[in-house]
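Q: Below: one structure in structure tokens.
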Amino acid sequence: MPESLQKEVPRIDHLLAVGRTDNGDTIYWVTEPEAAPDEWTVTAKGARNTKWPCSDGGIVEFLVSVLAGATRMDVFPGDFPSARPAFAPEPDPETVRRRPRTRRPDHSTPEGAPG
């Protein structure tokens, strides 16, 4: 594993979820330093393990490297990425259930009552 993938586990308050695999693995931006987003790096957390491999560079470099097969992160399944990776919004707008609107109670003041 490259040295850049063997960093310490980031602090939870410096993580911003930016993606998820269909296997439940989550990809995060490590938002340190807060005032310099161009310096943020990327980490991933496997759905079924406790590893937090980090990758130098931003999200674009990470995605290009992982999807091209140049970087292998052991938190992802062995067959990741698939031959035809796909991107979908999260949550999928087609599957989001919306609650029906409920009527708001009438807050009008009864006649003669102080307003």
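In the structure tokens, chains take the letters A, B, ... in the order shown, each chain's residues start at 1, and ligands count up from 1 in the order shown.
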I want to know what sits within 12 Å of Arg72 in chain A, based on only C-alpha atoms, with residues of the same chain fewer than 2 positions away left out; could you give that as a PDB file with N, CA and C atoms, in the first residue's frame?

A:
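New file out21.pdb:
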```
ATOM      1  N   MET A   1       0.848  -1.175   0.000  1.00  0.00           N
ATOM      2  CA  MET A   1       0.000   0.000   0.000  1.00  0.00           C
ATOM      3  C   MET A   1       0.894   1.239   0.000  1.00  0.00           C
ATOM      4  N   PRO A   2       0.575   2.236  -0.850  1.00  0.00           N
ATOM      5  CA  PRO A   2       1.395   3.449  -0.869  1.00  0.00           C
ATOM      6  C   PRO A   2       1.380   4.150   0.486  1.00  0.00           C
ATOM      7  N   SER A   4       0.980   7.183   1.175  1.00  0.00           N
ATOM      8  CA  SER A   4      -0.078   8.185   1.306  1.00  0.00           C
ATOM      9  C   SER A   4      -1.387   7.570   1.784  1.00  0.00           C
ATOM     10  N   LEU A   5      -1.505   6.254   1.710  1.00  0.00           N
ATOM     11  CA  LEU A   5      -2.722   5.592   2.166  1.00  0.00           C
ATOM     12  C   LEU A   5      -2.584   5.028   3.573  1.00  0.00           C
ATOM     13  N   ALA A  44     -11.661   6.872   3.023  1.00  0.00           N
ATOM     14  CA  ALA A  44     -12.827   6.003   2.810  1.00  0.00           C
ATOM     15  C   ALA A  44     -12.968   5.077   4.001  1.00  0.00           C
ATOM     16  N   PRO A  53      -8.164   4.252   5.135  1.00  0.00           N
ATOM     17  CA  PRO A  53      -7.047   4.646   4.267  1.00  0.00           C
ATOM     18  C   PRO A  53      -7.274   6.057   3.727  1.00  0.00           C
ATOM     19  N   CYS A  54      -6.211   6.840   3.668  1.00  0.00           N
ATOM     20  CA  CYS A  54      -6.290   8.214   3.167  1.00  0.00           C
ATOM     21  C   CYS A  54      -5.542   8.319   1.854  1.00  0.00           C
ATOM     22  N   SER A  55      -5.986   9.243   1.038  1.00  0.00           N
ATOM     23  CA  SER A  55      -5.371   9.479  -0.256  1.00  0.00           C
ATOM     24  C   SER A  55      -5.025  10.950  -0.371  1.00  0.00           C
ATOM     25  N   PHE A  62      -8.711  11.544  -6.638  1.00  0.00           N
ATOM     26  CA  PHE A  62      -9.067  10.274  -6.010  1.00  0.00           C
ATOM     27  C   PHE A  62      -9.949   9.441  -6.938  1.00  0.00           C
ATOM     28  N   LEU A  63     -11.021  10.043  -7.443  1.00  0.00           N
ATOM     29  CA  LEU A  63     -11.942   9.296  -8.302  1.00  0.00           C
ATOM     30  C   LEU A  63     -11.267   8.804  -9.568  1.00  0.00           C
ATOM     31  N   VAL A  64     -10.480   9.656 -10.204  1.00  0.00           N
ATOM     32  CA  VAL A  64      -9.779   9.250 -11.427  1.00  0.00           C
ATOM     33  C   VAL A  64      -8.847   8.087 -11.129  1.00  0.00           C
ATOM     34  N   SER A  65      -8.078   8.195 -10.061  1.00  0.00           N
ATOM     35  CA  SER A  65      -7.108   7.157  -9.723  1.00  0.00           C
ATOM     36  C   SER A  65      -7.777   5.830  -9.376  1.00  0.00           C
ATOM     37  N   VAL A  66      -8.822   5.884  -8.541  1.00  0.00           N
ATOM     38  CA  VAL A  66      -9.500   4.650  -8.126  1.00  0.00           C
ATOM     39  C   VAL A  66     -10.261   4.026  -9.292  1.00  0.00           C
ATOM     40  N   LEU A  67     -10.998   4.846 -10.041  1.00  0.00           N
ATOM     41  CA  LEU A  67     -11.796   4.290 -11.141  1.00  0.00           C
ATOM     42  C   LEU A  67     -10.939   3.801 -12.297  1.00  0.00           C
ATOM     43  N   ALA A  68      -9.737   4.357 -12.447  1.00  0.00           N
ATOM     44  CA  ALA A  68      -8.812   3.892 -13.487  1.00  0.00           C
ATOM     45  C   ALA A  68      -8.031   2.659 -13.044  1.00  0.00           C
ATOM     46  N   GLY A  69      -8.148   2.306 -11.758  1.00  0.00           N
ATOM     47  CA  GLY A  69      -7.439   1.141 -11.247  1.00  0.00           C
ATOM     48  C   GLY A  69      -6.011   1.436 -10.824  1.00  0.00           C
ATOM     49  N   ALA A  70      -5.595   2.713 -10.842  1.00  0.00           N
ATOM     50  CA  ALA A  70      -4.231   3.071 -10.458  1.00  0.00           C
ATOM     51  C   ALA A  70      -4.042   3.019  -8.938  1.00  0.00           C
ATOM     52  N   ASP A  74      -8.070  -1.031   0.065  1.00  0.00           N
ATOM     53  CA  ASP A  74      -8.526  -2.336   0.549  1.00  0.00           C
ATOM     54  C   ASP A  74      -9.834  -2.280   1.322  1.00  0.00           C
ATOM     55  N   VAL A  75     -10.415  -1.099   1.512  1.00  0.00           N
ATOM     56  CA  VAL A  75     -11.742  -1.047   2.132  1.00  0.00           C
ATOM     57  C   VAL A  75     -12.836  -1.346   1.111  1.00  0.00           C
ATOM     58  N   PHE A  76     -12.506  -1.243  -0.177  1.00  0.00           N
ATOM     59  CA  PHE A  76     -13.476  -1.545  -1.222  1.00  0.00           C
ATOM     60  C   PHE A  76     -13.408  -3.030  -1.574  1.00  0.00           C
ATOM     61  N   PRO A  77     -14.500  -3.600  -2.071  1.00  0.00           N
ATOM     62  CA  PRO A  77     -14.486  -5.013  -2.463  1.00  0.00           C
ATOM     63  C   PRO A  77     -13.438  -5.285  -3.547  1.00  0.00           C
ATOM     64  N   GLY A  78     -13.023  -6.524  -3.662  1.00  0.00           N
ATOM     65  CA  GLY A  78     -12.002  -6.905  -4.634  1.00  0.00           C
ATOM     66  C   GLY A  78     -12.383  -6.612  -6.068  1.00  0.00           C
ATOM     67  N   ASP A  79     -13.672  -6.607  -6.379  1.00  0.00           N
ATOM     68  CA  ASP A  79     -14.103  -6.365  -7.763  1.00  0.00           C
ATOM     69  C   ASP A  79     -14.469  -4.899  -8.017  1.00  0.00           C
ATOM     70  N   PHE A  80     -14.054  -4.020  -7.098  1.00  0.00           N
ATOM     71  CA  PHE A  80     -14.342  -2.596  -7.260  1.00  0.00           C
ATOM     72  C   PHE A  80     -13.170  -1.913  -7.938  1.00  0.00           C
ATOM     73  N   PRO A  81     -13.363  -1.063  -8.896  1.00  0.00           N
ATOM     74  CA  PRO A  81     -14.655  -0.708  -9.480  1.00  0.00           C
ATOM     75  C   PRO A  81     -15.080  -1.719 -10.525  1.00  0.00           C
TER      76      PRO A  81
END
```

Q: For a quick check of understanding, using only C-alpha atoms, which of A:Trp52, A:Glu32, A:Val60, A:Thr26 has the smallest distance to Asp13 in chain A?

A: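 Closest to Asp13 in chain A, using only C-alpha atoms: A:Glu32.
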
Q: From the list A:Gly57, A:Pro33, A:Asp38, A:Ala88, which residue is nearest Gly19 in chain A when using only C-alpha atoms?

A: A:Ala88

Q: What is the distance, in Å and to one decimal place, between CA of Ile59 in chain A and CA of Ala86 in chain A?

A: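 Those two atoms sit 16.3 Å apart.
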
Q: Do you have the CA of Ala47 in chain A-CA of Glu61 in chain A distance handy?

A: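 Between these atoms lies a distance of 22.5 Å.
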
Q: DSSP on the backbone: which residues in range 27-58 of chain A end up as strand (DSSP E or B)? Give the answer as a ChimeraX atom specification.

A: /A:27-30,41-45,54-55

Q: In Å, rounded to a single decimal, give me how far CA of Asp56 in chain A is from CA of Arg20 in chain A.

A: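 CA of Asp56 in chain A lies 18.7 Å from CA of Arg20 in chain A.
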
Q: Mind checking DSSP for range 28-87 of chain A and telling me the alpha helix (DSSP H) residues as a list in words?

A: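 The residues of range 28-87 of chain A classed as alpha helix (DSSP H) are Ile59, Val60, Glu61, Phe62, Leu63, Val64, Ser65, Val66 and Leu67 of chain A.
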